[in-house]
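**Student:** This is the structure, below, for whatever I ask next.
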Amino acid sequence: MNLFRNVVFIAAIAGLVAGVVLACMQAFATVPLILKAEVYEQAGGGHHHDHAAPAATDTNAMTTAAPAGNVMSSAAPAPAQAAVPAAEDEGWAPADGFERFALSVVANIVTGIGFALVLVAVSEFAGGIGNWRQGVFWGLAGFAVFTLAPGLGLPPELPAMPAADLTQRQIWWWATVAATAAGLGLIAFRKSLPLAILAVLLIVAPHIVGAPQPDSFETPIPEGLHHQFVVAVTVTNLVFWLVLGAVVGVVRGRFTGTATSLRDSFA
Amino acid sequence: MTTASVSLGASVSSQSRFMQLALVALLGIFVVGFVGFSHIDAVHNAAHDYRHSMAFPCH
């Protein structure tokens, strides 16, 4: 299992570096916007996470929350509406401040390594990422697959924004990722016009099917704040993927390039 | 992408190579799926800001 070990090792280093970079960018770019949105959320009737609740209560929560949100959108939080049922059914949550930030950093690093595992494994099938420049192109592909394509149908959301059923959105998200990845792979590695046409169809198909949409788009979140958030998420993810790809290229180059005699022990 | 002439698994049989790489990819998908897509409340709350910042479906 030397190959397995090497691939995991490269992915761990790249995921660690890119995850730390992403966590730093999020601390300045996206998290402040999330915290702002939570002020509107508190004002608009609290946080409702009805993962397991039946659809009827979900829509009830929506309709009761929506008018409150409209009234509150320009005003300060009203004590009357302040999150009455919110705290009880959400389970454990980290304390604001250091604990919350630290867990975000952990999540960034762990999933950074997860994305790196996928990136390194897939790129090895295609011959491997030889240097940082190839890594940048692989990173662009990762960005297109994991951020751009699903983000078209399901734009980044702030807390208190209405959304369709969680499971359905997650299914659409993964299906879009798979179809886009397959499409890009066909275009990049198969030199055939019919397959290229099939690839375009694969990439377009999830958007023709369409992402699950909420019943109502009413939200207390101002549009300007949401727009800022979409830009911040997209740009931070772009940098994350470029760094991830480039670091994989550099680390893998060290493995295969510097010590030829070590290659067999690594291979 | 084809200029990388040195392969990490040069001395591994192609079938074992395929299995190992597929295993790595699955492991990565599992990791991302657990942190970013879990329905467990505690996991969701712990990674809340991260999920929003990655545009993962949330709430």
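Residues in the structure tokens are numbered from 1 in each chain, the chains being A, B, ... in the order shown, and ligands are numbered from 1 in the order shown.
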Specify as a PyMOL selection string all residues of chain A found within 7 Å of chain B, counting only C-alpha atoms.
**Tutor:** chain A and resi 3-4+26+30-31+49+90-94+100+103-104+107-108+111+114-115+117-118+121+127-130+134+151+155-158+166+169-170+233+256+267
**Student:** As a PyMOL selection string, please: the residues near A:Phe9 (cut-off 12 Å, only C-alpha atoms, same-chain neighbours under 2 positions excluded).
**Tutor:** (chain A and resi 2-7+11-16+113-114+116-117+120-121+248+251-252+255+266) or (chain B and resi 8+24)
**Student:** Would you list the contacts of A:Thr176 as JSON, numbers by chain, taking every protein, DNA or RNA residue within 7 Å and counting only C-alpha atoms, but skipping same-chain residues closer than 6 positions in sequence?
**Tutor:** {"A": [149, 150, 206]}
**Student:** Atom CA of A:Val105 and atom CA of A:Phe28 are how many Å apart?
**Tutor:**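 So the answer is 12.9 Å.
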